Amino acid sequence: MLTPSRARSLLLIIAFATIYIGWGTTYLANHFLLLELPPFVIGSLRFLIAGLLALTWVVLSGQLRIQRSDWGGILIGSLALIAVGQGALIYANQFLPTGMLAMLYTTLPLWSVALEWLLGERPPLWVIGGLALASSGIVLLMNNGLGHSASAEQWFAGLLVVVATLLWACGAWLLRQRPPFRSSWLSLSLQMLTGALLLALFGLWHGDWQAVELRHISSNAWLWLAYLVLPVSLGVYPAYFWLLREVRPSLVSTFAFVNPVVALLLGYLLLGEQLSLLAMLACGITLGGVVLIIFGRR
């Protein structure tokens, strides 16, 4: 029989594995969906369906309970983590290779540690060195991956991702400071539904909903969407929010440097994406810096 400490350790391993693998495959799923649908339509449909399914489970299981303090957390999560965090990812997926996009999301742990530092937890000098090392790797990666021939859309997409990870880190920190949700599944469903609404509004502003005919979507696209809804949205997000309550946000954000390994491998095997030696060096520098930061903050 498992002791409470061993049971908790096992749950932590399962939760980390879930976010590592689940979010690592998101880039590939978005790549195939973008062949048929605009970015904000994908995000809206994904979180609308996932939110409705989660809300159905809440009603059937009798968890329809909410307290006033929950609404602040719902707004933070829906805006920072879903509308901005996932919206930027899907949008940038149109212009950047999946592997490079995943590498840019490694800035999330950098922001997490920098935020903790600004709030009074001064890191040791070698962790500061890790921040500098990882940041230089990101700059090298963008310069190598985009170069002088890159379009304005590609540079904008890269910068958008970096800003989105900053807002994600701020949102994760704010969620950790707030009281626990009375019903975690109800709060998750409302975050998804609110995020879907915000993404739909982004889509209206971006013109994504013009000439969209859902009946013309292929069965393969629906299967990719179902994958993003069921195992990813309804599996990864509960694990992520639970981890935010159990360990430090900077440790939870380590998913950002495991996801690129998954994305790069899938991009190489299924999409024929290639990495130059310089790009591989930039990845190594970035991941090395992030490893120094994260494990120095444990």
# chains A, B, ... in the order shown; residues from 1 in each chain; ligands from 1
>>> residues_around(residues="stretch 129-141 of chain A", least_positions_apart="6", cutoff="7 Å", atoms="only C-alpha atoms", output="list in words")
Leu104, Leu110, Ala279, Ala282, Cys283, Ile285, Thr286, Leu287, Gly288, Gly289, Val290, Leu292 and Ile293 of chain A
>>> select_by_dssp(residues="stretch 18-261 of chain A", states="alpha helix (DSSP H)", output="ChimeraX atom specification")
/A:18-24,26-33,39-60,70-76,87-92,98-104,107-118,125-146,152-177,184-206,219-227,234-246,249-252,255-261
>>> residues_around(residues="A:Thr98", least_positions_apart="5", cutoff="7 Å", atoms="only C-alpha atoms", output="VMD selection string")
chain A and resid 27 to 28 93 263 267
>>> residues_around(residues="stretch 177-182 of chain A", least_positions_apart="5", cutoff="9 Å", atoms="only C-alpha atoms", output="list in words")
Gln63, Arg65, Ile66, Gln67, Ser69, Asp70, Gly72, Gly73, Ala172, Ser187 and Arg245 of chain A
>>> residues_around(residues="A:Ile14", least_positions_apart="2", cutoff="12 Å", atoms="only C-alpha atoms", output="PyMOL selection string")
chain A and resi 7-12+16-22+235-236+238-240+242-243
>>> write_last_selection(atoms="C-alpha atoms", output="PDB file, in the first residue's frame")
ATOM      1  CA  ALA A   7       1.142   8.521  -3.566  1.00  0.00           C
ATOM      2  CA  ARG A   8       1.756  12.257  -3.918  1.00  0.00           C
ATOM      3  CA  SER A   9       5.088  11.604  -5.664  1.00  0.00           C
ATOM      4  CA  LEU A  10       3.361   9.230  -8.090  1.00  0.00           C
ATOM      5  CA  LEU A  11       0.659  11.817  -8.811  1.00  0.00           C
ATOM      6  CA  LEU A  12       3.328  14.446  -9.446  1.00  0.00           C
ATOM      7  CA  PHE A  16       4.244  16.224 -15.151  1.00  0.00           C
ATOM      8  CA  ALA A  17       4.287  13.478 -17.803  1.00  0.00           C
ATOM      9  CA  THR A  18       0.794  14.550 -18.879  1.00  0.00           C
ATOM     10  CA  ILE A  19       1.724  18.195 -19.473  1.00  0.00           C
ATOM     11  CA  TYR A  20       5.114  17.298 -20.981  1.00  0.00           C
ATOM     12  CA  ILE A  21       3.692  14.989 -23.648  1.00  0.00           C
ATOM     13  CA  GLY A  22       0.230  16.519 -24.081  1.00  0.00           C
ATOM     14  CA  GLY A 235      -6.422  16.011 -19.519  1.00  0.00           C
ATOM     15  CA  VAL A 236      -3.534  18.463 -19.507  1.00  0.00           C
ATOM     16  CA  PRO A 238      -6.513  19.809 -14.885  1.00  0.00           C
ATOM     17  CA  ALA A 239      -3.011  18.388 -14.347  1.00  0.00           C
ATOM     18  CA  TYR A 240      -1.446  21.819 -14.905  1.00  0.00           C
ATOM     19  CA  TRP A 242      -3.274  20.985  -9.869  1.00  0.00           C
ATOM     20  CA  LEU A 243       0.511  21.277 -10.167  1.00  0.00           C
TER      21      LEU A 243
END
>>> residues_around(residues="stretch 213-225 of chain A", least_positions_apart="6", cutoff="9 Å", atoms="only C-alpha atoms", output="PyMOL selection string")
chain A and resi 29-30+32-33+35-37+42+45-46
>>> write_last_selection(atoms="C-alpha atoms", output="PDB file, in the first residue's frame")
ATOM      1  CA  ALA A  29      -2.167  19.074 -34.141  1.00  0.00           C
ATOM      2  CA  ASN A  30      -2.384  22.820 -34.783  1.00  0.00           C
ATOM      3  CA  PHE A  32      -2.693  20.047 -39.508  1.00  0.00           C
ATOM      4  CA  LEU A  33      -5.758  22.002 -38.393  1.00  0.00           C
ATOM      5  CA  LEU A  35      -4.435  23.561 -43.284  1.00  0.00           C
ATOM      6  CA  GLU A  36      -8.236  23.871 -43.151  1.00  0.00           C
ATOM      7  CA  LEU A  37      -9.192  26.424 -40.504  1.00  0.00           C
ATOM      8  CA  ILE A  42      -9.474  26.515 -34.092  1.00  0.00           C
ATOM      9  CA  LEU A  45     -13.958  25.533 -31.286  1.00  0.00           C
ATOM     10  CA  ARG A  46     -11.426  23.666 -29.158  1.00  0.00           C
TER      11      ARG A  46
END
>>> residues_around(residues="A:Ser112", least_positions_apart="2", cutoff="6 Å", atoms="only C-alpha atoms", output="JSON, numbers by chain")
{"A": [109, 110, 114, 115, 169, 250]}
